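Have a look at protein-v9.cif below; it lists mmCIF, C-alpha atoms.
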data_data
#
loop_
_atom_site.label_atom_id
_atom_site.label_comp_id
_atom_site.auth_asym_id
_atom_site.auth_seq_id
_atom_site.Cartn_x
_atom_site.Cartn_y
_atom_site.Cartn_z
CA MET A 326 163.55 -14.17 -209.35
CA SER A 327 165.82 -17.08 -210.37
CA ALA A 328 166.94 -19.90 -208.10
CA CYS A 329 170.52 -18.60 -208.04
CA GLN A 330 169.38 -15.18 -206.83
CA LYS A 331 167.29 -16.78 -204.09
CA ALA A 332 170.24 -18.83 -202.93
CA ALA A 333 172.65 -15.87 -203.03
CA ARG A 334 170.40 -13.46 -201.10
CA PRO A 335 171.36 -14.72 -197.57
CA LEU A 336 175.05 -14.59 -198.50
CA THR A 337 174.85 -10.96 -199.70
CA GLN A 338 173.00 -9.92 -196.57
CA CYS A 339 175.72 -11.46 -194.40
CA LEU A 340 178.40 -9.63 -196.37
CA ARG A 341 176.62 -6.28 -195.97
CA ILE A 342 176.31 -6.77 -192.22
CA SER A 343 180.01 -7.70 -191.91
CA GLN A 344 181.03 -4.63 -193.95
CA ALA A 345 178.95 -2.32 -191.78
CA SER A 346 180.39 -3.79 -188.59
CA SER A 347 183.97 -3.47 -189.92
CA GLN A 348 183.38 0.18 -190.83
CA SER A 349 181.97 0.94 -187.39
CA SER A 350 184.92 -0.79 -185.78
CA ARG A 351 187.34 1.37 -187.77
CA THR A 352 185.68 4.54 -186.46
CA ILE A 353 186.23 3.52 -182.83
CA ARG A 354 188.97 5.62 -181.26
CA LEU A 355 191.34 3.59 -179.15
CA PHE A 356 193.57 4.66 -176.23
CA THR A 357 191.19 7.50 -175.14
CA SER A 358 188.34 7.86 -172.69
CA SER A 359 186.87 11.08 -174.11
CA SER A 360 184.04 11.19 -176.66
CA ARG A 361 184.29 12.59 -180.13
CA LEU A 362 183.39 16.18 -180.88
CA SER A 363 180.34 15.21 -182.94
CA GLU A 364 179.02 13.02 -180.11
CA GLU A 365 179.48 15.89 -177.64
CA ALA A 366 177.53 18.24 -179.88
CA VAL A 367 174.70 15.76 -180.30
CA THR A 368 174.52 15.11 -176.55
CA GLU A 369 174.54 18.80 -175.75
CA THR A 370 171.81 19.54 -178.26
CA ALA A 371 169.60 16.73 -176.95
CA SER A 372 169.96 17.83 -173.34
CA PHE A 373 168.67 21.34 -174.09
CA THR A 374 165.75 20.33 -176.31
CA PRO A 375 162.72 22.13 -174.84
CA THR A 376 159.57 20.21 -174.09
CA PRO A 377 156.68 21.11 -176.41
CA ILE A 378 154.29 23.61 -174.85
CA TYR A 379 150.93 24.03 -176.56
CA ASP A 380 149.04 27.28 -176.54
CA PRO A 381 145.36 26.77 -175.61
CA GLU A 382 144.40 29.49 -178.11
CA THR A 383 146.24 27.98 -181.11
CA VAL A 384 146.27 24.20 -180.57
CA THR A 385 144.48 22.50 -183.47
CA SER A 386 145.16 18.74 -183.61
CA SER A 387 143.28 16.30 -181.39
CA LYS A 388 146.55 14.75 -180.20
CA GLU A 389 147.88 18.10 -179.00
CA GLU A 390 144.52 18.88 -177.37
CA ARG A 391 144.67 15.65 -175.35
CA LYS A 392 148.24 16.39 -174.22
CA LEU A 393 147.19 19.89 -173.22
CA MET A 394 144.17 18.66 -171.27
CA ARG A 395 146.35 16.17 -169.36
CA THR A 396 148.19 19.16 -167.91
CA GLY A 397 144.91 20.61 -166.63
CA VAL A 398 144.61 23.32 -169.31
CA TYR A 399 141.71 23.15 -171.76
CA PRO A 400 141.62 24.57 -175.31
CA ILE A 401 139.82 27.89 -175.76
CA GLY A 402 136.96 28.09 -178.22
CA SER A 403 136.36 25.85 -181.21
CA ARG A 404 139.08 24.16 -183.26
CA ARG A 405 138.11 26.23 -186.29
CA ARG A 406 138.58 29.44 -184.31
CA ARG A 407 141.97 28.32 -182.98
CA ALA A 408 143.12 27.42 -186.50
CA ALA A 409 142.10 30.88 -187.73
CA ILE A 410 144.05 32.56 -184.92
CA LYS A 411 147.09 30.38 -185.61
CA THR A 412 147.23 31.15 -189.34
CA SER A 413 146.47 34.88 -189.09
CA GLU A 414 148.44 37.83 -187.81
CA ASN A 415 148.32 38.62 -184.11
CA ILE A 416 145.93 41.57 -184.40
CA PRO A 417 143.66 42.51 -181.47
CA PHE A 418 140.06 41.58 -182.04
CA GLU A 419 138.76 45.14 -181.84
CA GLN A 420 141.37 46.31 -184.42
CA LEU A 421 140.57 43.88 -187.22
CA PRO A 422 141.15 45.71 -190.54
CA TYR A 423 137.67 45.16 -191.98
CA GLN A 424 135.75 48.29 -192.90
CA CYS A 425 132.32 46.69 -192.47
CA PHE A 426 133.31 45.36 -189.04
CA GLN A 427 134.58 48.73 -187.86
CA GLU A 428 131.47 50.54 -189.16
CA ALA A 429 129.26 48.04 -187.36
CA ARG A 430 131.21 48.65 -184.14
CA LYS A 431 130.55 52.38 -184.48
CA ILE A 432 126.81 51.74 -184.76
CA LEU A 433 126.89 49.41 -181.76
CA GLN A 434 128.88 51.95 -179.77
CA ALA A 435 126.31 54.67 -180.51
CA ASP A 436 123.51 52.33 -179.42
CA ARG A 437 125.40 51.56 -176.22
CA GLU A 438 125.74 55.27 -175.46
CA GLU A 439 121.96 55.61 -175.70
CA LYS A 440 121.48 52.68 -173.33
CA LEU A 441 123.97 54.19 -170.86
CA ALA A 442 121.99 57.44 -170.89
CA LEU A 443 118.81 55.49 -170.10
CA ILE A 444 120.64 53.65 -167.30
CA ALA A 445 121.72 56.95 -165.71
CA LYS A 446 118.16 58.27 -166.00
CA GLU A 447 116.70 55.13 -164.40
CA ARG A 448 119.18 55.28 -161.53
CA LEU A 449 118.17 58.87 -160.88
CA ARG A 450 114.50 57.85 -160.78
CA ILE A 451 115.28 55.06 -158.30
CA SER A 452 117.27 57.38 -156.02
CA ASN A 453 114.41 59.93 -156.09
CA LEU A 454 111.86 57.27 -155.21
CA VAL A 455 114.02 55.98 -152.37
CA ALA A 456 114.27 59.49 -150.95
CA THR A 457 110.48 60.00 -151.20
CA ASP A 458 108.50 59.50 -148.02
CA SER A 459 106.14 56.52 -148.28
CA ALA A 460 103.37 58.53 -146.59
CA THR A 461 103.08 60.73 -149.68
CA ILE A 462 102.55 57.73 -152.01
CA ASN A 463 99.12 56.24 -152.59
CA GLY A 464 99.29 52.73 -151.12
CA GLY A 465 102.07 53.43 -148.66
CA GLN A 466 105.27 51.44 -148.21
CA LYS A 467 103.91 48.37 -150.01
CA VAL A 468 103.35 50.22 -153.29
CA LYS A 469 106.72 51.90 -152.93
CA ASP A 470 108.50 48.55 -152.56
CA VAL A 471 106.68 47.16 -155.61
CA ARG A 472 107.66 50.16 -157.72
CA LEU A 473 111.29 49.96 -156.56
CA ASP A 474 111.45 46.28 -157.39
CA SER A 475 110.01 46.89 -160.86
CA MET A 476 112.40 49.78 -161.55
CA ARG A 477 115.44 47.77 -160.41
CA ARG A 478 114.49 44.88 -162.66
CA HIS A 479 114.15 47.33 -165.56
CA LEU A 480 117.59 48.72 -164.69
CA GLU A 481 119.09 45.20 -164.92
CA TYR A 482 117.37 44.78 -168.29
CA LEU A 483 118.93 48.02 -169.58
CA LYS A 484 122.38 46.89 -168.42
CA ILE A 485 122.01 43.67 -170.40
CA GLN A 486 120.76 45.48 -173.50
CA ALA A 487 123.73 47.86 -173.36
CA ASP A 488 126.22 44.99 -173.82
CA ILE A 489 124.20 42.27 -175.55
CA ASN A 490 125.53 43.12 -179.04
CA ASP A 491 129.14 43.88 -178.10
CA PRO A 492 131.43 41.41 -179.97
CA LEU A 493 134.10 41.67 -177.27
CA ILE A 494 131.60 40.60 -174.62
CA LYS A 495 130.58 37.58 -176.69
CA LYS A 496 134.22 36.69 -177.35
CA ARG A 497 135.11 36.76 -173.65
CA PHE A 498 132.07 34.65 -172.80
CA GLU A 499 132.88 32.03 -175.45
CA ASP A 500 136.47 31.91 -174.19
CA GLY A 501 135.27 31.27 -170.64
CA GLN A 502 136.65 34.59 -169.38
CA GLY A 503 133.34 36.22 -168.48
CA ASP A 504 132.89 37.99 -165.14
CA MET A 505 129.78 36.42 -163.60
CA THR A 506 129.32 39.40 -161.29
CA LYS A 507 128.10 41.39 -164.32
CA PRO A 508 124.49 40.99 -165.53
CA ILE A 509 125.39 40.42 -169.18
CA TYR A 510 127.52 37.33 -168.50
CA ARG A 511 124.91 35.87 -166.15
CA TYR A 512 122.29 36.42 -168.85
CA LEU A 513 124.41 34.71 -171.52
CA ALA A 514 125.20 31.78 -169.20
CA ASP A 515 121.53 31.37 -168.31
CA ARG A 516 120.54 31.40 -171.98
CA LYS A 517 123.18 28.83 -172.88
CA TRP A 518 122.12 26.56 -169.97
CA ARG A 519 118.46 26.70 -170.95
CA GLU A 520 119.24 25.76 -174.54
CA TYR A 521 120.32 22.20 -173.68
CA GLN A 522 121.47 21.33 -170.14
CA ARG A 523 118.26 22.45 -168.44
CA LYS A 524 116.19 20.40 -170.87
CA ILE A 525 118.25 17.33 -169.98
CA ILE A 526 117.72 17.69 -166.23
CA VAL A 527 113.99 18.38 -166.68
CA GLN A 528 113.74 15.27 -168.81
CA ARG A 529 115.47 13.17 -166.13
CA ILE A 530 113.13 14.57 -163.47
CA GLU A 531 110.15 13.38 -165.49
CA GLN A 532 111.62 10.06 -166.61
CA LEU A 533 112.87 8.96 -163.18
CA GLY A 534 109.80 10.18 -161.32
CA ILE A 535 111.56 12.66 -159.02
CA VAL A 536 108.30 14.59 -159.18
CA PRO A 537 106.12 13.55 -157.33
CA ASP A 538 108.20 10.89 -155.50
CA VAL A 539 110.55 13.39 -153.84
CA LEU A 540 108.87 16.78 -154.33
CA PRO A 541 105.36 17.65 -155.50
CA PHE A 542 106.65 20.33 -157.88
CA PHE A 543 110.07 21.53 -158.97
CA GLU A 544 111.41 23.89 -161.66
CA PRO A 545 115.23 24.19 -161.72
CA THR A 546 116.59 27.73 -161.89
CA ALA A 547 120.29 27.00 -161.18
CA GLU A 548 122.75 24.70 -162.92
CA VAL A 549 124.16 21.89 -160.76
CA ARG A 550 127.05 19.77 -162.04
CA LEU A 551 128.19 16.64 -160.23
CA ALA A 552 131.62 14.97 -160.15
CA PHE A 553 133.27 12.18 -158.15
CA ARG A 554 137.04 12.70 -158.06
CA GLN A 555 137.92 13.21 -161.75
CA LYS A 556 134.73 11.67 -163.13
CA ASN A 557 132.04 14.06 -164.34
CA VAL A 558 128.62 12.49 -163.86
CA GLN A 559 125.84 13.10 -166.35
CA PRO A 560 122.26 13.39 -165.02
CA GLY A 561 120.83 9.92 -164.40
CA GLU A 562 124.12 8.08 -165.02
CA PHE A 563 124.92 4.81 -163.24
CA VAL A 564 127.92 5.32 -160.94
CA ASP A 565 130.11 2.52 -159.61
CA SER A 566 129.82 2.12 -155.83
CA ARG A 567 133.60 2.42 -155.40
CA ILE A 568 133.58 5.78 -157.18
CA SER A 569 130.64 7.15 -155.17
CA GLU A 570 132.27 6.04 -151.90
CA VAL A 571 133.83 9.50 -151.49
CA PRO A 572 131.80 12.74 -151.22
CA PRO A 573 131.12 14.36 -154.60
CA ARG A 574 132.07 17.81 -155.78
CA LEU A 575 129.33 20.18 -156.94
CA LYS A 576 129.53 23.13 -159.28
CA VAL A 577 126.47 25.28 -158.75
CA GLN A 578 125.93 28.22 -161.09
CA VAL A 579 123.24 30.71 -160.10
CA PHE A 580 122.13 33.41 -162.52
CA ASP A 581 120.92 36.14 -160.16
CA LYS A 582 123.20 38.58 -158.37
CA GLY A 583 124.21 38.49 -154.75
CA GLU A 584 125.53 35.99 -152.24
CA ARG A 585 123.18 33.62 -150.48
CA LEU A 586 123.21 30.65 -148.11
CA VAL A 587 122.17 27.23 -149.40
CA THR A 588 121.51 23.77 -148.02
CA ILE A 589 122.77 20.64 -149.79
CA VAL A 590 120.72 17.43 -149.53
CA VAL A 591 121.51 14.02 -151.03
CA ILE A 592 118.58 11.62 -150.71
CA ASP A 593 118.03 8.00 -151.72
CA SER A 594 114.35 7.59 -152.58
CA ASP A 595 114.42 3.80 -153.24
CA VAL A 596 115.23 2.24 -149.86
CA PRO A 597 113.48 -1.17 -149.57
CA LEU A 598 111.30 -1.60 -146.49
CA ILE A 599 110.90 -5.36 -145.90
CA GLU A 600 108.35 -5.04 -143.09
CA LYS A 601 106.00 -2.86 -145.14
CA ASP A 602 106.83 -4.39 -148.54
CA ASP A 603 107.38 -0.86 -149.80
CA PHE A 604 110.09 1.69 -150.54
CA GLY A 605 111.18 4.57 -148.33
CA SER A 606 113.88 7.24 -148.35
CA ARG A 607 117.22 7.83 -146.64
CA CYS A 608 119.35 10.97 -146.24
CA HIS A 609 122.93 10.36 -147.39
CA TYR A 610 124.19 13.90 -146.86
CA LEU A 611 122.84 17.09 -145.31
CA ALA A 612 124.68 20.38 -144.81
CA ALA A 613 123.35 23.91 -144.28
CA ASN A 614 124.55 27.53 -144.25
CA ILE A 615 126.90 27.08 -147.22
CA PRO A 616 127.72 30.38 -148.99
CA LEU A 617 127.10 30.57 -152.73
CA SER A 618 127.42 33.37 -155.30
CA PRO A 619 127.54 33.66 -159.12
CA ALA A 620 131.36 33.95 -159.02
CA GLU A 621 132.01 31.27 -156.36
CA THR A 622 130.50 28.10 -157.83
CA SER A 623 132.59 25.19 -156.49
CA LEU A 624 131.04 23.29 -153.57
CA PRO A 625 133.12 20.25 -152.52
CA LEU A 626 131.00 18.37 -149.99
CA SER A 627 134.13 17.11 -148.23
CA LYS A 628 135.22 20.70 -147.46
CA ALA A 629 132.12 21.58 -145.43
CA THR A 630 132.87 22.44 -141.80
CA GLU A 631 131.55 20.59 -138.78
CA ALA A 632 129.26 23.52 -137.98
CA GLN A 633 127.65 23.18 -141.44
CA VAL A 634 127.33 19.38 -141.66
CA ILE A 635 124.20 17.84 -140.19
CA HIS A 636 124.68 14.34 -141.60
CA PRO A 637 128.09 13.44 -143.11
CA TRP A 638 128.46 11.59 -146.39
CA LEU A 639 127.12 8.04 -146.44
CA PRO A 640 128.35 6.04 -149.47
CA ALA A 641 125.75 5.17 -152.08
CA PHE A 642 124.92 1.46 -152.04
CA THR A 643 122.29 -0.90 -153.40
CA GLN A 644 121.68 -4.35 -151.96
CA LYS A 645 121.80 -7.38 -154.19
CA GLY A 646 118.56 -8.10 -156.02
CA SER A 647 117.15 -4.65 -155.35
CA PRO A 648 116.28 -2.42 -158.33
CA TYR A 649 118.49 0.57 -159.02
CA HIS A 650 118.42 3.40 -156.50
CA ARG A 651 117.92 7.07 -157.42
CA TYR A 652 120.23 9.47 -155.59
CA SER A 653 119.00 13.04 -155.90
CA VAL A 654 121.31 15.95 -155.07
CA PHE A 655 119.26 19.06 -154.24
CA VAL A 656 120.43 22.62 -153.67
CA LEU A 657 117.99 24.52 -151.43
CA GLN A 658 118.21 28.28 -151.08
CA GLN A 659 117.64 29.63 -147.58
CA GLU A 660 115.72 32.79 -146.79
CA PRO A 661 117.82 36.00 -146.97
CA GLY A 662 119.67 36.55 -143.72
CA LYS A 663 118.39 33.33 -142.12
CA ILE A 664 120.90 30.88 -140.63
CA LEU A 665 119.68 27.38 -139.80
CA ASP A 666 120.42 25.94 -136.39
CA THR A 667 122.40 22.85 -137.35
CA ALA A 668 122.80 21.66 -133.74
CA SER A 669 119.06 21.29 -133.26
CA LEU A 670 118.58 19.82 -136.75
CA LYS A 671 121.07 17.06 -135.93
CA GLU A 672 118.82 15.93 -133.09
CA GLN A 673 115.54 16.32 -134.96
CA ILE A 674 116.35 14.94 -138.42
CA LYS A 675 117.22 11.27 -138.82
CA ARG A 676 118.72 9.56 -141.82
CA ASP A 677 116.11 6.83 -142.24
CA GLY A 678 112.69 8.01 -143.29
CA PHE A 679 113.95 11.44 -144.30
CA SER A 680 111.30 13.44 -146.16
CA LEU A 681 112.44 16.33 -148.32
CA ARG A 682 108.92 17.74 -148.43
CA ARG A 683 108.73 18.07 -144.66
CA PHE A 684 112.26 19.51 -144.52
CA VAL A 685 111.40 22.19 -147.12
CA ASP A 686 108.22 23.17 -145.28
CA LYS A 687 109.87 23.17 -141.87
CA CYS A 688 113.03 25.15 -142.69
CA LYS A 689 111.40 27.47 -145.27
CA VAL A 690 113.95 26.72 -148.00
CA THR A 691 113.42 26.84 -151.76
CA PRO A 692 114.79 24.20 -154.18
CA ILE A 693 116.71 25.95 -156.96
CA GLY A 694 118.72 23.16 -158.60
CA MET A 695 119.36 19.44 -158.61
CA ASN A 696 121.30 16.61 -160.20
CA ILE A 697 120.80 12.87 -160.02
CA PHE A 698 122.78 9.66 -160.37
CA ARG A 699 121.84 6.02 -160.03
CA SER A 700 123.45 3.07 -158.28
CA ILE A 701 123.03 -0.69 -158.56
CA TRP A 702 124.68 -3.72 -156.97
CA ASP A 703 128.16 -4.32 -158.42
CA GLU A 704 131.31 -6.20 -157.50
CA GLY A 705 132.52 -3.45 -155.18
CA THR A 706 129.31 -2.82 -153.23
CA ALA A 707 130.04 -5.43 -150.52
CA GLY A 708 133.45 -3.87 -149.80
CA VAL A 709 131.98 -0.37 -149.71
CA MET A 710 129.30 -1.43 -147.22
CA GLU A 711 131.88 -3.20 -145.05
CA ARG A 712 134.22 -0.18 -144.93
CA ALA A 713 131.31 2.14 -144.10
CA GLY A 714 129.97 -0.20 -141.39
CA ILE A 715 126.67 -0.80 -143.21
CA GLU A 716 124.92 -4.08 -142.55
CA GLY A 717 123.00 -6.11 -145.11
CA ALA A 718 125.67 -6.93 -147.67
CA ASP A 719 124.82 -10.64 -147.31
CA ILE A 720 121.11 -10.10 -147.98
CA GLU A 721 119.73 -10.75 -151.44
CA PHE A 722 116.28 -9.60 -152.49
CA LYS A 723 114.23 -11.90 -154.67
CA ARG A 724 110.92 -11.26 -156.32
CA LYS A 725 108.03 -13.06 -154.66
CA LYS A 726 106.04 -15.23 -157.00
CA VAL A 727 102.41 -14.20 -156.95
CA VAL A 728 100.00 -17.15 -157.12
CA ALA A 729 96.98 -16.49 -159.31
CA LEU A 730 93.73 -16.52 -157.36
CA LYS A 731 91.71 -17.46 -160.42
CA PRO A 732 91.45 -21.27 -160.82
CA LYS A 733 92.91 -22.85 -163.90
CA GLN A 734 90.33 -23.29 -166.63
CA LYS A 735 89.60 -26.62 -168.21
CA ALA A 736 90.95 -27.10 -171.72
CA ARG A 737 88.35 -26.78 -174.48
CA GLY A 738 88.04 -27.25 -178.20
CA TRP A 739 91.23 -28.00 -180.11
CA GLU A 740 93.32 -28.00 -176.91
CA ALA A 741 91.07 -30.63 -175.30
CA ARG A 742 91.18 -32.90 -178.37
CA HIS A 743 94.99 -32.70 -178.59
CA ALA A 744 95.78 -32.87 -174.87
CA SER A 745 97.29 -36.37 -174.97
CA ASP A 746 101.01 -37.07 -175.35
CA LYS A 747 100.35 -38.21 -178.89
CA TYR A 748 100.08 -34.58 -179.97
CA LYS A 749 102.90 -33.31 -177.74
CA SER A 750 104.95 -32.20 -180.73
CA LEU A 751 102.16 -29.87 -181.85
CA ARG A 752 102.08 -27.97 -178.55
CA ARG A 753 104.51 -25.16 -177.99
#

Let me see the file written as structure tokens.
Amino acid sequence: MSACQKAARPLTQCLRISQASSQSSRTIRLFTSSSRLSEEAVTETASFTPTPIYDPETVTSSKEERKLMRTGVYPIGSRRRRAAIKTSENIPFEQLPYQCFQEARKILQADREEKLALIAKERLRISNLVATDSATINGGQKVKDVRLDSMRRHLEYLKIQADINDPLIKKRFEDGQGDMTKPIYRYLADRKWREYQRKIIVQRIEQLGIVPDVLPFFEPTAEVRLAFRQKNVQPGEFVDSRISEVPPRLKVQVFDKGERLVTIVVIDSDVPLIEKDDFGSRCHYLAANIPLSPAETSLPLSKATEAQVIHPWLPAFTQKGSPYHRYSVFVLQQEPGKILDTASLKEQIKRDGFSLRRFVDKCKVTPIGMNIFRSIWDEGTAGVMERAGIEGADIEFKRKKVVALKPKQKARGWEARHASDKYKSLRR
């Protein structure tokens, strides 16, 4: 570019700006207060522009997924599946025009009819055995109960086998639309949980020493998810003291049929005992007689009634200098038809020195599931302790230096010969 062009560039830009402003000034209509027709049309069109609504079954981009999740609705299935539904015709799943698919459905339907015939036969056998007098059976009522239990478990197995290969059942389960009152959906949920999530919680139990510090033996059979407000907590995760100040929300999924009563226990197994130079335990929450079923899984601890709560929620806290604390959340299943007397338990059970082993033996409850989170001193712990009326926020734990009882040995050999300051540079 020449020097003349460089010098003329600012002048041409000024001329273009002045021309544009003069043209816009000519288009201004004077002596009127109404807008032009084109402006009215634009305004009217903009006012009726609908807000974008994303379908959870067809949303594909990550940006649209995030916007959809902010509204509280989550996408259904995988992104690949949603893209396939979006680009294909809206044909029902069971009417897909694939000959191989339809022939396979015929074979599966015939197999299901056979399983249904076996189910009807097994039900007839159970009804006949129930009507039979136990005096006519070798072994009496005990043998009769054992046979009934075995036959009912076989009946549940046949129900699962009748629907295990149905593509519609699998589709509903993957879409999160399964009815957990049916055996097939409980079986699929149990299998999915055991593939990954159960392995994670078993690993945390071993790594963090929950067994044998809290219980001598424990095998989880129910899935327990933990959340504080909108934060989902992974097993063993460190949680800020300001977040854990409020009672958590549990989602407990059991995989056997029927409603039962459970007890919820939150225990801190790392309470420092200064007098004994040891660690003890403290109960941070205890509630009993809480109903639970495969379909009703949400258990907000703040929604428990006064008749159910034995010890209300005590915020999780860790004093300064103390190692991290393990907070275990246990779900204990009560005996069928047994209701715990919470009024007497309030007088008998204290927070400090709470032992889960003694509680399990005394109340005859069975641990079925657990989750765990950890807490350590942070910038909000002092405020949490002050609001909860907990003393000890000004105490700091320090490790005590242990003096060696063995006397210091005299230097020998090379160290003795080079012990003077002359060889100071050679010593590390």

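Reported to one decimal place, the separation of atom CA of His609 of chain A from atom CA of Val709 of chain A is 14.2 Å.
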
- Who sits within 6 Å of segment 541-549 of chain A, all atoms listed in the file, same chain under 3 positions skipped, as a ChimeraX atom specification: /A:536-537,576-579,693-695

- Message: Starting from the PyMOL selection byres ((chain A and resi 493) around 12), expand the selection into actual residues of this file and give them as a list in words.
- Response: Pro417, Phe418, Glu419, Gln420, Arg430, Leu433, Gln434, Asp488, Ile489, Asn490, Asp491, Pro492, Ile494, Lys495, Lys496, Arg497, Phe498, Glu499, Asp500, Gln502, Gly503, Ile509 and Tyr510 of chain A

- Task: For atom CA of Leu611 of chain A and atom CA of Ser569 of chain A, quote the distance in Å rounded to one decimal.
- Result: 16.0 Å

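This file, filtered with the PyMOL selection byres ((chain A and resi 632) around 9), gives the residues Ala612, Ala613, Asn614, Ala629, Thr630, Glu631, Gln633, Val634, Ile635, Thr667 and Ala668 of chain A.
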
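Taking atom CA of Arg651 of chain A and atom CA of Asp719 of chain A as endpoints, the distance between them is 21.5 Å.
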
- Would you kindly return, as a list in words, each protein, DNA or RNA residue with an atom no farther than 9 Å from any atom of segment 473-477 of chain A, considering only C-alpha atoms and excluding same-chain residues fewer than 6 positions away? Glu447, Arg448, Arg450, Ile451, Leu454 and Val455 of chain A

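Ranking A:Asp538, A:Glu531, A:Glu660, A:Asp515 by their shortest atom-to-atom distance to Glu584 of chain A, with all atoms listed in the file included, puts A:Glu660 first.
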
Is there a way to get, as a PDB file with C-alpha atoms, in the coordinates of the input, all residues within 12 Å of the point (120.8, 3.0, -145.1) in file coordinates, counting all atoms listed in the file?
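Final output, saved to part.pdb:
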ATOM      1  CA  ILE A 592     118.580  11.620-150.710  1.00  0.00           C
ATOM      2  CA  ASP A 593     118.030   8.000-151.720  1.00  0.00           C
ATOM      3  CA  SER A 594     114.350   7.590-152.580  1.00  0.00           C
ATOM      4  CA  ASP A 595     114.420   3.800-153.240  1.00  0.00           C
ATOM      5  CA  VAL A 596     115.230   2.240-149.860  1.00  0.00           C
ATOM      6  CA  PRO A 597     113.480  -1.170-149.570  1.00  0.00           C
ATOM      7  CA  LEU A 598     111.300  -1.600-146.490  1.00  0.00           C
ATOM      8  CA  GLY A 605     111.180   4.570-148.330  1.00  0.00           C
ATOM      9  CA  SER A 606     113.880   7.240-148.350  1.00  0.00           C
ATOM     10  CA  ARG A 607     117.220   7.830-146.640  1.00  0.00           C
ATOM     11  CA  CYS A 608     119.350  10.970-146.240  1.00  0.00           C
ATOM     12  CA  HIS A 609     122.930  10.360-147.390  1.00  0.00           C
ATOM     13  CA  TYR A 610     124.190  13.900-146.860  1.00  0.00           C
ATOM     14  CA  TRP A 638     128.460  11.590-146.390  1.00  0.00           C
ATOM     15  CA  LEU A 639     127.120   8.040-146.440  1.00  0.00           C
ATOM     16  CA  PRO A 640     128.350   6.040-149.470  1.00  0.00           C
ATOM     17  CA  ALA A 641     125.750   5.170-152.080  1.00  0.00           C
ATOM     18  CA  PHE A 642     124.920   1.460-152.040  1.00  0.00           C
ATOM     19  CA  THR A 643     122.290  -0.900-153.400  1.00  0.00           C
ATOM     20  CA  GLN A 644     121.680  -4.350-151.960  1.00  0.00           C
ATOM     21  CA  HIS A 650     118.420   3.400-156.500  1.00  0.00           C
ATOM     22  CA  LYS A 675     117.220  11.270-138.820  1.00  0.00           C
ATOM     23  CA  ARG A 676     118.720   9.560-141.820  1.00  0.00           C
ATOM     24  CA  ASP A 677     116.110   6.830-142.240  1.00  0.00           C
ATOM     25  CA  GLY A 678     112.690   8.010-143.290  1.00  0.00           C
ATOM     26  CA  PHE A 679     113.950  11.440-144.300  1.00  0.00           C
ATOM     27  CA  MET A 710     129.300  -1.430-147.220  1.00  0.00           C
ATOM     28  CA  ALA A 713     131.310   2.140-144.100  1.00  0.00           C
ATOM     29  CA  GLY A 714     129.970  -0.200-141.390  1.00  0.00           C
ATOM     30  CA  ILE A 715     126.670  -0.800-143.210  1.00  0.00           C
ATOM     31  CA  GLU A 716     124.920  -4.080-142.550  1.00  0.00           C
ATOM     32  CA  GLY A 717     123.000  -6.110-145.110  1.00  0.00           C
ATOM     33  CA  ALA A 718     125.670  -6.930-147.670  1.00  0.00           C
TER      34      ALA A 718
END

- Query: Can you list what the PyMOL selection byres ((chain A and resi 441) around 12) grabs from this structure, as a ChimeraX atom specification?
  - Reply: /A:434-440,442-448,480-488

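Between Pro661 of chain A and the residues A:Glu600, A:Leu586, A:Leu681, A:Gly705, the shortest atom-to-atom distance, using all atoms listed in the file, involves A:Leu586.
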
Expected axis-aligned box over every listed atom of segment 409-415 of chain A, 5 Å added per side, centre plus edges in Å to one decimal, as JSON:
{"center_x": 145.3, "center_y": 34.5, "center_z": -186.7, "size_x": 16.3, "size_y": 18.2, "size_z": 15.2}

- Give me the residues within 10 Å of segment 615-628 of chain A as a VMD selection string, counting all atoms listed in the file and dropping any in the same chain fewer than 6 places off. chain A and resid 503 to 507 511 548 to 553 571 to 589 634 637 to 638 658 to 659 664

- For Ser386 of chain A: contacts at 12 Å, all atoms listed in the file, fewer than 3 positions along chain excluded, given as a PyMOL selection string: chain A and resi 379-381+383+389-393+400+403-405+407-408+411

- Note on the structure: Thr706 of chain A proximity check over A:His636, A:Arg529, A:Arg683, A:Lys645, using only C-alpha atoms: winner is A:Lys645
